[in-house]
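*Asks:* Here it is, the structure in full.
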Amino acid sequence: MNKVIEYQEQLVPYTHAALMAKVAAQLTDSRYQHCLRVEQTSRELAQANGVDPELAAIAGLLHDYAKQRADETFINLIKTRGLDPALLNYGNGVWHGVVGAELIKTELHIYNENILNAVRLHTVGAPYMPKLAQIVFMADFIEPNRDFPGVDEARQVTAKSLAAGVRYQIQHTLNYLVEKGQPVYPQTLATYNAWVGGIGTVPSN
């Protein structure tokens, strides 16, 4: 992670160092270090799955940009940006991705929809997820410091098939939410139905 990286594709209006500094300024060091690990894991998954590694790395670095904002910030964005008012029934676990993409646009002036979509979907998934979104979704779940029952299996499954990793994660997540008695965001349930339950169409991998 100490290797000097320079962006080559003009996907964002920053050098790698400048973008890292902007992300670091919004997060605790532990959360920022997590973003760096997701950045690297996203790059590796992209290389293994025929996706632009630079695009994936940027999305991975940015995925938790809004994670530590106040609830009031998200609530205001939901109300003023014309977002689904049903989002108000949920919390940071959903908001920091789905709503946080708005902060990336406003504060960082990053408008690449592939990046923004990957940030939005990393918290809730979607019945159809482009490979870039799948990569960030999985990189967040299996980055090297993750330590929970099943993470090693998740890494092994993902190494064999990115789509199989997505199925593994969404099933794990839904089980967790049900066990904890927590509400399930409708898009997360729709993701489960498509990827695990076979209702709808998911991209082949």
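Just so we're on the same page: first chain in the structure tokens is A, next is B, and so on; residues restart at 1 for each chain, and ligands are numbered from 1 in the order they show up.
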So that I can check the surroundings of A:Tyr65, please list as a PyMOL selection string every protein, DNA and RNA residue that reaches within 12 Å of it, counting only C-alpha atoms and ignoring chain neighbours fewer than 6 positions away.

*Replies:* chain A and resi 19-28+31-36+58-59+95-105+107-108+116+119-120

*Asks:* Where does DSSP see alpha helix (DSSP H) in stretch 12-185 of chain A, if you list the residues as a tab-separated table (two decimals) with N, CA and C atoms, in the first residue's frame?

*Replies:*
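Saved as result_10.tsv:
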chain	number	residue	atom	x	y	z
A	16	HIS	N	-3.64	10.69	-7.27
A	16	HIS	CA	-3.95	9.68	-6.26
A	16	HIS	C	-3.69	10.23	-4.86
A	17	ALA	N	-2.57	10.90	-4.65
A	17	ALA	CA	-2.24	11.43	-3.34
A	17	ALA	C	-3.27	12.46	-2.88
A	18	ALA	N	-3.71	13.31	-3.79
A	18	ALA	CA	-4.69	14.34	-3.43
A	18	ALA	C	-6.03	13.71	-3.05
A	19	LEU	N	-6.45	12.69	-3.78
A	19	LEU	CA	-7.72	12.04	-3.46
A	19	LEU	C	-7.62	11.30	-2.13
A	20	MET	N	-6.50	10.65	-1.88
A	20	MET	CA	-6.32	9.99	-0.59
A	20	MET	C	-6.43	11.00	0.55
A	21	ALA	N	-5.83	12.16	0.38
A	21	ALA	CA	-5.87	13.18	1.43
A	21	ALA	C	-7.29	13.66	1.69
A	22	LYS	N	-8.08	13.80	0.63
A	22	LYS	CA	-9.46	14.25	0.79
A	22	LYS	C	-10.30	13.19	1.51
A	23	VAL	N	-10.07	11.93	1.21
A	23	VAL	CA	-10.78	10.86	1.91
A	23	VAL	C	-10.34	10.82	3.37
A	24	ALA	N	-9.04	10.89	3.62
A	24	ALA	CA	-8.52	10.83	4.98
A	24	ALA	C	-9.08	11.94	5.85
A	29	ASP	N	-8.62	7.48	11.36
A	29	ASP	CA	-7.54	6.76	10.71
A	29	ASP	C	-7.90	5.30	10.47
A	30	SER	N	-8.59	4.67	11.41
A	30	SER	CA	-8.94	3.25	11.23
A	30	SER	C	-9.88	3.07	10.05
A	31	ARG	N	-10.82	3.97	9.88
A	31	ARG	CA	-11.74	3.87	8.75
A	31	ARG	C	-11.01	4.18	7.43
A	32	TYR	N	-10.11	5.14	7.48
A	32	TYR	CA	-9.32	5.46	6.29
A	32	TYR	C	-8.45	4.27	5.88
A	33	GLN	N	-7.84	3.61	6.84
A	33	GLN	CA	-7.01	2.44	6.52
A	33	GLN	C	-7.87	1.34	5.89
A	34	HIS	N	-9.10	1.20	6.37
A	34	HIS	CA	-10.02	0.25	5.75
A	34	HIS	C	-10.25	0.62	4.28
A	35	CYS	N	-10.43	1.91	3.99
A	35	CYS	CA	-10.64	2.35	2.61
A	35	CYS	C	-9.43	2.03	1.74
A	36	LEU	N	-8.24	2.17	2.28
A	36	LEU	CA	-7.04	1.83	1.52
A	36	LEU	C	-6.99	0.33	1.21
A	37	ARG	N	-7.41	-0.48	2.17
A	37	ARG	CA	-7.43	-1.92	1.93
A	37	ARG	C	-8.49	-2.29	0.89
A	38	VAL	N	-9.63	-1.63	0.94
A	38	VAL	CA	-10.67	-1.88	-0.06
A	38	VAL	C	-10.21	-1.40	-1.42
A	39	GLU	N	-9.51	-0.29	-1.46
A	39	GLU	CA	-8.94	0.19	-2.71
A	39	GLU	C	-8.05	-0.88	-3.34
A	40	GLN	N	-7.13	-1.45	-2.55
A	40	GLN	CA	-6.21	-2.43	-3.08
A	40	GLN	C	-6.93	-3.72	-3.46
A	41	THR	N	-7.87	-4.16	-2.64
A	41	THR	CA	-8.62	-5.38	-2.94
A	41	THR	C	-9.46	-5.19	-4.19
A	42	SER	N	-10.03	-4.01	-4.35
A	42	SER	CA	-10.80	-3.71	-5.57
A	42	SER	C	-9.90	-3.78	-6.80
A	43	ARG	N	-8.71	-3.24	-6.69
A	43	ARG	CA	-7.77	-3.28	-7.81
A	43	ARG	C	-7.45	-4.73	-8.19
A	44	GLU	N	-7.22	-5.57	-7.17
A	44	GLU	CA	-6.88	-6.97	-7.43
A	44	GLU	C	-8.05	-7.74	-8.04
A	45	LEU	N	-9.25	-7.51	-7.52
A	45	LEU	CA	-10.42	-8.18	-8.07
A	45	LEU	C	-10.68	-7.72	-9.51
A	46	ALA	N	-10.44	-6.45	-9.77
A	46	ALA	CA	-10.63	-5.93	-11.14
A	46	ALA	C	-9.67	-6.62	-12.10
A	47	GLN	N	-8.42	-6.73	-11.70
A	47	GLN	CA	-7.43	-7.38	-12.56
A	47	GLN	C	-7.80	-8.83	-12.85
A	48	ALA	N	-8.42	-9.48	-11.86
A	48	ALA	CA	-8.81	-10.88	-12.02
A	48	ALA	C	-10.10	-11.06	-12.81
A	53	PRO	N	-8.68	-1.64	-13.58
A	53	PRO	CA	-8.20	-1.58	-12.18
A	53	PRO	C	-8.19	-0.18	-11.59
A	54	GLU	N	-7.90	0.83	-12.41
A	54	GLU	CA	-7.88	2.20	-11.88
A	54	GLU	C	-9.28	2.64	-11.49
A	55	LEU	N	-10.25	2.35	-12.32
A	55	LEU	CA	-11.64	2.68	-12.01
A	55	LEU	C	-12.07	1.99	-10.72
A	56	ALA	N	-11.75	0.71	-10.59
A	56	ALA	CA	-12.13	-0.05	-9.40
A	56	ALA	C	-11.44	0.49	-8.16
A	57	ALA	N	-10.16	0.84	-8.28
A	57	ALA	CA	-9.42	1.35	-7.13
A	57	ALA	C	-10.01	2.66	-6.63
A	58	ILE	N	-10.37	3.55	-7.55
A	58	ILE	CA	-10.97	4.82	-7.16
A	58	ILE	C	-12.29	4.59	-6.43
A	59	ALA	N	-13.14	3.73	-6.99
A	59	ALA	CA	-14.42	3.44	-6.34
A	59	ALA	C	-14.21	2.81	-4.97
A	60	GLY	N	-13.23	1.91	-4.86
A	60	GLY	CA	-12.94	1.30	-3.57
A	60	GLY	C	-12.45	2.31	-2.55
A	61	LEU	N	-11.58	3.21	-2.96
A	61	LEU	CA	-11.09	4.24	-2.05
A	61	LEU	C	-12.22	5.13	-1.55
A	62	LEU	N	-13.18	5.43	-2.43
A	62	LEU	CA	-14.26	6.38	-2.10
A	62	LEU	C	-15.45	5.74	-1.41
A	71	ASP	N	-26.14	12.09	10.97
A	71	ASP	CA	-27.42	11.69	10.40
A	71	ASP	C	-28.13	12.86	9.74
A	72	GLU	N	-28.01	14.04	10.34
A	72	GLU	CA	-28.71	15.21	9.82
A	72	GLU	C	-28.25	15.54	8.39
A	73	THR	N	-27.00	15.28	8.09
A	73	THR	CA	-26.48	15.53	6.75
A	73	THR	C	-27.20	14.66	5.74
A	74	PHE	N	-27.33	13.38	6.06
A	74	PHE	CA	-28.00	12.45	5.15
A	74	PHE	C	-29.48	12.79	5.02
A	75	ILE	N	-30.13	13.09	6.13
A	75	ILE	CA	-31.56	13.40	6.10
A	75	ILE	C	-31.82	14.63	5.22
A	76	ASN	N	-30.96	15.63	5.35
A	76	ASN	CA	-31.11	16.83	4.52
A	76	ASN	C	-30.94	16.50	3.04
A	77	LEU	N	-29.97	15.65	2.71
A	77	LEU	CA	-29.76	15.29	1.31
A	77	LEU	C	-30.94	14.50	0.75
A	78	ILE	N	-31.48	13.59	1.53
A	78	ILE	CA	-32.64	12.82	1.09
A	78	ILE	C	-33.80	13.76	0.76
A	79	LYS	N	-33.97	14.77	1.59
A	79	LYS	CA	-35.09	15.69	1.41
A	79	LYS	C	-34.86	16.69	0.29
A	80	THR	N	-33.62	17.10	0.07
A	80	THR	CA	-33.36	18.18	-0.88
A	80	THR	C	-32.92	17.68	-2.26
A	92	ASN	N	-27.46	4.93	8.87
A	92	ASN	CA	-26.16	5.09	8.25
A	92	ASN	C	-25.73	3.88	7.43
A	93	GLY	N	-26.09	2.68	7.87
A	93	GLY	CA	-25.69	1.48	7.15
A	93	GLY	C	-26.13	1.50	5.70
A	94	VAL	N	-27.29	2.11	5.44
A	94	VAL	CA	-27.78	2.28	4.07
A	94	VAL	C	-27.33	3.64	3.52
A	95	TRP	N	-27.46	4.66	4.32
A	95	TRP	CA	-27.25	6.03	3.84
A	95	TRP	C	-25.85	6.29	3.34
A	96	HIS	N	-24.82	5.76	3.99
A	96	HIS	CA	-23.46	6.21	3.65
A	96	HIS	C	-23.06	5.81	2.24
A	97	GLY	N	-23.76	4.82	1.67
A	97	GLY	CA	-23.52	4.49	0.28
A	97	GLY	C	-24.53	5.15	-0.64
A	98	VAL	N	-25.80	4.85	-0.42
A	98	VAL	CA	-26.86	5.32	-1.31
A	98	VAL	C	-26.91	6.84	-1.36
A	100	GLY	N	-24.52	8.83	0.28
A	100	GLY	CA	-23.17	9.36	0.31
A	100	GLY	C	-22.62	9.71	-1.06
A	101	ALA	N	-23.11	9.03	-2.10
A	101	ALA	CA	-22.67	9.37	-3.45
A	101	ALA	C	-22.97	10.84	-3.78
A	102	GLU	N	-24.03	11.39	-3.18
A	102	GLU	CA	-24.35	12.80	-3.40
A	102	GLU	C	-23.25	13.71	-2.85
A	103	LEU	N	-22.67	13.32	-1.72
A	103	LEU	CA	-21.59	14.12	-1.15
A	103	LEU	C	-20.33	14.05	-2.01
A	104	ILE	N	-20.11	12.92	-2.63
A	104	ILE	CA	-18.96	12.79	-3.53
A	104	ILE	C	-19.11	13.74	-4.70
A	105	LYS	N	-20.32	13.85	-5.21
A	105	LYS	CA	-20.57	14.80	-6.30
A	105	LYS	C	-20.39	16.24	-5.84
A	106	THR	N	-21.00	16.57	-4.70
A	106	THR	CA	-21.01	17.95	-4.23
A	106	THR	C	-19.64	18.42	-3.78
A	107	GLU	N	-18.95	17.59	-3.01
A	107	GLU	CA	-17.70	18.02	-2.39
A	107	GLU	C	-16.46	17.71	-3.21
A	108	LEU	N	-16.49	16.60	-3.93
A	108	LEU	CA	-15.30	16.19	-4.68
A	108	LEU	C	-15.43	16.46	-6.18
A	113	GLU	N	-20.39	8.16	-13.37
A	113	GLU	CA	-21.53	7.40	-12.86
A	113	GLU	C	-21.15	5.97	-12.50
A	114	ASN	N	-20.15	5.42	-13.15
A	114	ASN	CA	-19.71	4.07	-12.77
A	114	ASN	C	-19.17	4.05	-11.35
A	115	ILE	N	-18.38	5.05	-11.00
A	115	ILE	CA	-17.85	5.16	-9.64
A	115	ILE	C	-18.97	5.41	-8.65
A	116	LEU	N	-19.83	6.38	-8.96
A	116	LEU	CA	-20.91	6.73	-8.04
A	116	LEU	C	-21.84	5.55	-7.81
A	117	ASN	N	-22.14	4.81	-8.86
A	117	ASN	CA	-23.04	3.68	-8.74
A	117	ASN	C	-22.43	2.59	-7.86
A	118	ALA	N	-21.13	2.36	-8.01
A	118	ALA	CA	-20.47	1.37	-7.17
A	118	ALA	C	-20.52	1.78	-5.70
A	119	VAL	N	-20.36	3.07	-5.42
A	119	VAL	CA	-20.47	3.56	-4.05
A	119	VAL	C	-21.89	3.35	-3.52
A	120	ARG	N	-22.88	3.73	-4.33
A	120	ARG	CA	-24.28	3.57	-3.90
A	120	ARG	C	-24.61	2.12	-3.56
A	121	LEU	N	-24.16	1.21	-4.40
A	121	LEU	CA	-24.58	-0.18	-4.28
A	121	LEU	C	-23.78	-0.99	-3.27
A	131	LYS	N	-20.14	-5.35	-13.12
A	131	LYS	CA	-18.98	-5.98	-12.49
A	131	LYS	C	-18.23	-5.03	-11.56
A	132	LEU	N	-18.14	-3.75	-11.93
A	132	LEU	CA	-17.45	-2.81	-11.05
A	132	LEU	C	-18.14	-2.74	-9.69
A	133	ALA	N	-19.46	-2.66	-9.69
A	133	ALA	CA	-20.20	-2.62	-8.43
A	133	ALA	C	-20.02	-3.91	-7.64
A	134	GLN	N	-20.01	-5.04	-8.35
A	134	GLN	CA	-19.76	-6.32	-7.68
A	134	GLN	C	-18.40	-6.32	-7.00
A	135	ILE	N	-17.42	-5.75	-7.67
A	135	ILE	CA	-16.05	-5.75	-7.15
A	135	ILE	C	-15.96	-4.95	-5.85
A	136	VAL	N	-16.52	-3.75	-5.82
A	136	VAL	CA	-16.45	-2.93	-4.61
A	136	VAL	C	-17.29	-3.57	-3.50
A	137	PHE	N	-18.42	-4.12	-3.85
A	137	PHE	CA	-19.30	-4.83	-2.91
A	137	PHE	C	-18.50	-5.92	-2.21
A	138	MET	N	-17.74	-6.70	-2.98
A	138	MET	CA	-16.99	-7.81	-2.41
A	138	MET	C	-15.70	-7.36	-1.73
A	139	ALA	N	-15.02	-6.37	-2.29
A	139	ALA	CA	-13.78	-5.90	-1.69
A	139	ALA	C	-14.02	-5.38	-0.28
A	140	ASP	N	-15.12	-4.69	-0.08
A	140	ASP	CA	-15.49	-4.20	1.25
A	140	ASP	C	-15.72	-5.36	2.21
A	141	PHE	N	-16.23	-6.45	1.71
A	141	PHE	CA	-16.60	-7.61	2.53
A	141	PHE	C	-15.40	-8.47	2.89
A	142	ILE	N	-14.42	-8.57	1.99
A	142	ILE	CA	-13.34	-9.55	2.18
A	142	ILE	C	-11.96	-8.91	2.32
A	151	VAL	N	-15.62	-15.51	6.63
A	151	VAL	CA	-14.89	-14.62	5.72
A	151	VAL	C	-13.88	-15.37	4.86
A	152	ASP	N	-13.25	-16.39	5.42
A	152	ASP	CA	-12.29	-17.15	4.61
A	152	ASP	C	-12.99	-17.88	3.47
A	153	GLU	N	-14.17	-18.41	3.77
A	153	GLU	CA	-14.95	-19.06	2.71
A	153	GLU	C	-15.36	-18.04	1.66
A	154	ALA	N	-15.76	-16.85	2.11
A	154	ALA	CA	-16.15	-15.79	1.17
A	154	ALA	C	-14.99	-15.45	0.25
A	155	ARG	N	-13.78	-15.39	0.79
A	155	ARG	CA	-12.61	-15.09	-0.05
A	155	ARG	C	-12.37	-16.19	-1.07
A	156	GLN	N	-12.50	-17.42	-0.64
A	156	GLN	CA	-12.27	-18.55	-1.54
A	156	GLN	C	-13.32	-18.58	-2.65
A	157	VAL	N	-14.57	-18.37	-2.27
A	157	VAL	CA	-15.66	-18.37	-3.25
A	157	VAL	C	-15.46	-17.25	-4.27
A	158	THR	N	-15.11	-16.07	-3.78
A	158	THR	CA	-14.93	-14.91	-4.65
A	158	THR	C	-13.76	-15.11	-5.61
A	159	ALA	N	-12.71	-15.76	-5.13
A	159	ALA	CA	-11.55	-16.02	-5.99
A	159	ALA	C	-11.92	-16.91	-7.17
A	160	LYS	N	-12.90	-17.77	-6.97
A	160	LYS	CA	-13.34	-18.66	-8.04
A	160	LYS	C	-14.37	-18.01	-8.95
A	162	LEU	N	-16.67	-14.18	-9.05
A	162	LEU	CA	-17.13	-12.92	-8.47
A	162	LEU	C	-18.62	-12.97	-8.16
A	163	ALA	N	-19.41	-13.48	-9.10
A	163	ALA	CA	-20.86	-13.56	-8.90
A	163	ALA	C	-21.21	-14.47	-7.74
A	164	ALA	N	-20.48	-15.58	-7.58
A	164	ALA	CA	-20.72	-16.48	-6.46
A	164	ALA	C	-20.40	-15.78	-5.15
A	165	GLY	N	-19.39	-14.92	-5.15
A	165	GLY	CA	-19.09	-14.13	-3.96
A	165	GLY	C	-20.22	-13.20	-3.60
A	166	VAL	N	-20.81	-12.54	-4.61
A	166	VAL	CA	-21.95	-11.66	-4.36
A	166	VAL	C	-23.09	-12.45	-3.73
A	167	ARG	N	-23.37	-13.61	-4.28
A	167	ARG	CA	-24.44	-14.45	-3.72
A	167	ARG	C	-24.14	-14.81	-2.27
A	168	TYR	N	-22.90	-15.16	-2.01
A	168	TYR	CA	-22.50	-15.52	-0.65
A	168	TYR	C	-22.72	-14.35	0.29
A	169	GLN	N	-22.26	-13.16	-0.12
A	169	GLN	CA	-22.37	-12.02	0.78
A	169	GLN	C	-23.82	-11.63	1.05
A	170	ILE	N	-24.64	-11.59	0.02
A	170	ILE	CA	-26.01	-11.12	0.24
A	170	ILE	C	-26.79	-12.10	1.12
A	171	GLN	N	-26.49	-13.38	0.99
A	171	GLN	CA	-27.13	-14.37	1.86
A	171	GLN	C	-26.65	-14.18	3.29
A	172	HIS	N	-25.35	-13.97	3.46
A	172	HIS	CA	-24.78	-13.74	4.79
A	172	HIS	C	-25.39	-12.49	5.43
A	173	THR	N	-25.50	-11.42	4.64
A	173	THR	CA	-26.03	-10.16	5.15
A	173	THR	C	-27.49	-10.29	5.56
A	174	LEU	N	-28.29	-10.94	4.73
A	174	LEU	CA	-29.70	-11.08	5.06
A	174	LEU	C	-29.87	-11.93	6.32
A	175	ASN	N	-29.09	-13.00	6.43
A	175	ASN	CA	-29.15	-13.83	7.63
A	175	ASN	C	-28.81	-13.01	8.87
A	176	TYR	N	-27.80	-12.18	8.76
A	176	TYR	CA	-27.38	-11.33	9.88
A	176	TYR	C	-28.49	-10.38	10.30
A	177	LEU	N	-29.10	-9.70	9.32
A	177	LEU	CA	-30.16	-8.74	9.63
A	177	LEU	C	-31.36	-9.42	10.28
A	178	VAL	N	-31.71	-10.59	9.78
A	178	VAL	CA	-32.85	-11.32	10.35
A	178	VAL	C	-32.54	-11.76	11.78
A	179	GLU	N	-31.34	-12.29	11.99
A	179	GLU	CA	-30.96	-12.74	13.33
A	179	GLU	C	-30.97	-11.59	14.33

*Asks:* Atom CA of A:Ala70 to atom CA of A:Asp84: how many Å, to one decimal?

*Replies:*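 According to the coordinates, atom CA of A:Ala70 and atom CA of A:Asp84 are separated by 18.9 Å.
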
*Asks:* What's the 9 Å shell around stretch 192-194 of chain A, counting only C-alpha atoms, without same-chain residues fewer than 2 positions away, as a ChimeraX atom specification?

*Replies:* /A:125-128,167,170-171,174,187-190,196-202

*Asks:* For those residues, write all heavy atoms to a file as a short mmCIF file (atom, residue, chain, number, x, y, z; two decimals), in the first residue's frame.

*Replies:*
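Wrote it out as out_17.cif, contents follow:
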data_model
loop_
_atom_site.label_atom_id
_atom_site.label_comp_id
_atom_site.auth_asym_id
_atom_site.auth_seq_id
_atom_site.Cartn_x
_atom_site.Cartn_y
_atom_site.Cartn_z
N GLY A 125 -26.51 -3.48 -2.47
CA GLY A 125 -26.58 -4.34 -3.64
C GLY A 125 -27.68 -3.90 -4.57
O GLY A 125 -28.31 -2.85 -4.40
N ALA A 126 -27.95 -4.72 -5.59
CA ALA A 126 -29.02 -4.46 -6.55
C ALA A 126 -29.28 -5.75 -7.32
O ALA A 126 -28.38 -6.60 -7.45
CB ALA A 126 -28.64 -3.35 -7.52
N PRO A 127 -30.50 -5.94 -7.82
CA PRO A 127 -30.78 -7.14 -8.61
C PRO A 127 -29.86 -7.27 -9.81
O PRO A 127 -29.49 -8.37 -10.19
CB PRO A 127 -32.24 -6.95 -9.03
CG PRO A 127 -32.83 -6.13 -7.93
CD PRO A 127 -31.74 -5.17 -7.55
N TYR A 128 -29.50 -6.15 -10.43
CA TYR A 128 -28.46 -6.17 -11.47
C TYR A 128 -27.32 -5.28 -11.01
O TYR A 128 -27.51 -4.10 -10.70
CB TYR A 128 -28.98 -5.65 -12.81
CG TYR A 128 -27.84 -5.47 -13.80
CD1 TYR A 128 -27.30 -6.59 -14.44
CD2 TYR A 128 -27.27 -4.22 -14.02
CE1 TYR A 128 -26.22 -6.45 -15.30
CE2 TYR A 128 -26.20 -4.08 -14.88
CZ TYR A 128 -25.68 -5.20 -15.51
OH TYR A 128 -24.60 -5.07 -16.35
N ARG A 167 -23.37 -13.61 -4.28
CA ARG A 167 -24.44 -14.45 -3.72
C ARG A 167 -24.14 -14.81 -2.27
O ARG A 167 -25.03 -14.77 -1.41
CB ARG A 167 -24.63 -15.70 -4.56
CG ARG A 167 -25.35 -15.46 -5.87
CD ARG A 167 -25.74 -16.75 -6.56
NE ARG A 167 -24.59 -17.47 -7.11
CZ ARG A 167 -24.08 -17.25 -8.31
NH1 ARG A 167 -24.61 -16.33 -9.11
NH2 ARG A 167 -23.05 -17.95 -8.74
N ILE A 170 -24.64 -11.59 0.02
CA ILE A 170 -26.01 -11.12 0.24
C ILE A 170 -26.79 -12.10 1.12
O ILE A 170 -27.62 -11.70 1.93
CB ILE A 170 -26.73 -10.83 -1.10
CG1 ILE A 170 -27.97 -9.97 -0.86
CG2 ILE A 170 -27.07 -12.10 -1.86
CD1 ILE A 170 -27.69 -8.59 -0.31
N GLN A 171 -26.49 -13.38 0.99
CA GLN A 171 -27.13 -14.37 1.86
C GLN A 171 -26.65 -14.18 3.29
O GLN A 171 -27.45 -14.21 4.24
CB GLN A 171 -26.84 -15.78 1.37
CG GLN A 171 -27.65 -16.85 2.09
CD GLN A 171 -27.66 -18.17 1.33
OE1 GLN A 171 -26.86 -18.39 0.42
NE2 GLN A 171 -28.57 -19.05 1.69
N LEU A 174 -28.29 -10.94 4.73
CA LEU A 174 -29.70 -11.08 5.06
C LEU A 174 -29.87 -11.93 6.32
O LEU A 174 -30.68 -11.61 7.20
CB LEU A 174 -30.47 -11.69 3.89
CG LEU A 174 -31.98 -11.57 4.00
CD1 LEU A 174 -32.42 -10.10 3.95
CD2 LEU A 174 -32.68 -12.33 2.89
N GLN A 187 -34.33 -2.78 -1.32
CA GLN A 187 -33.40 -3.12 -2.39
C GLN A 187 -32.50 -4.29 -2.00
O GLN A 187 -32.10 -5.09 -2.85
CB GLN A 187 -32.57 -1.90 -2.79
CG GLN A 187 -31.71 -2.15 -4.03
CD GLN A 187 -31.14 -0.87 -4.58
OE1 GLN A 187 -31.85 0.13 -4.72
NE2 GLN A 187 -29.86 -0.86 -4.89
N THR A 188 -32.18 -4.39 -0.72
CA THR A 188 -31.38 -5.52 -0.25
C THR A 188 -32.16 -6.82 -0.40
O THR A 188 -31.62 -7.85 -0.82
CB THR A 188 -30.95 -5.31 1.21
OG1 THR A 188 -30.16 -4.12 1.28
CG2 THR A 188 -30.13 -6.49 1.72
N LEU A 189 -33.44 -6.77 -0.09
CA LEU A 189 -34.29 -7.96 -0.26
C LEU A 189 -34.41 -8.31 -1.75
O LEU A 189 -34.36 -9.49 -2.12
CB LEU A 189 -35.67 -7.71 0.35
CG LEU A 189 -36.62 -8.91 0.37
CD1 LEU A 189 -36.00 -10.09 1.10
CD2 LEU A 189 -37.95 -8.52 1.00
N ALA A 190 -34.56 -7.30 -2.57
CA ALA A 190 -34.64 -7.54 -4.01
C ALA A 190 -33.33 -8.13 -4.54
O ALA A 190 -33.32 -8.99 -5.43
CB ALA A 190 -34.96 -6.24 -4.76
N VAL A 196 -29.87 -14.87 -5.02
CA VAL A 196 -29.93 -16.13 -4.27
C VAL A 196 -31.20 -16.89 -4.60
O VAL A 196 -31.17 -18.11 -4.84
CB VAL A 196 -29.83 -15.87 -2.75
CG1 VAL A 196 -29.88 -17.20 -1.99
CG2 VAL A 196 -28.55 -15.12 -2.41
N GLY A 197 -32.33 -16.17 -4.66
CA GLY A 197 -33.61 -16.82 -4.87
C GLY A 197 -33.95 -17.10 -6.33
O GLY A 197 -34.93 -17.78 -6.63
N GLY A 198 -33.16 -16.53 -7.24
CA GLY A 198 -33.39 -16.79 -8.65
C GLY A 198 -34.54 -16.05 -9.26
O GLY A 198 -35.02 -16.40 -10.35
N ILE A 199 -35.01 -14.99 -8.57
CA ILE A 199 -36.11 -14.19 -9.10
C ILE A 199 -35.50 -12.98 -9.78
O ILE A 199 -34.95 -12.09 -9.14
CB ILE A 199 -37.07 -13.75 -7.99
CG1 ILE A 199 -37.66 -14.96 -7.28
CG2 ILE A 199 -38.17 -12.87 -8.55
CD1 ILE A 199 -38.51 -14.60 -6.07
N GLY A 200 -35.57 -12.92 -11.09
CA GLY A 200 -34.95 -11.84 -11.84
C GLY A 200 -33.69 -12.34 -12.53
O GLY A 200 -33.36 -13.51 -12.49
N THR A 201 -33.01 -11.42 -13.14
CA THR A 201 -31.85 -11.78 -13.95
C THR A 201 -30.62 -11.12 -13.38
O THR A 201 -30.61 -9.92 -13.08
CB THR A 201 -32.03 -11.31 -15.41
OG1 THR A 201 -33.22 -11.90 -15.93
CG2 THR A 201 -30.85 -11.73 -16.26
N VAL A 202 -29.57 -11.90 -13.21
CA VAL A 202 -28.28 -11.38 -12.78
C VAL A 202 -27.29 -11.64 -13.90
O VAL A 202 -27.45 -12.58 -14.67
CB VAL A 202 -27.80 -12.01 -11.47
CG1 VAL A 202 -28.77 -11.73 -10.34
CG2 VAL A 202 -27.60 -13.51 -11.62
#
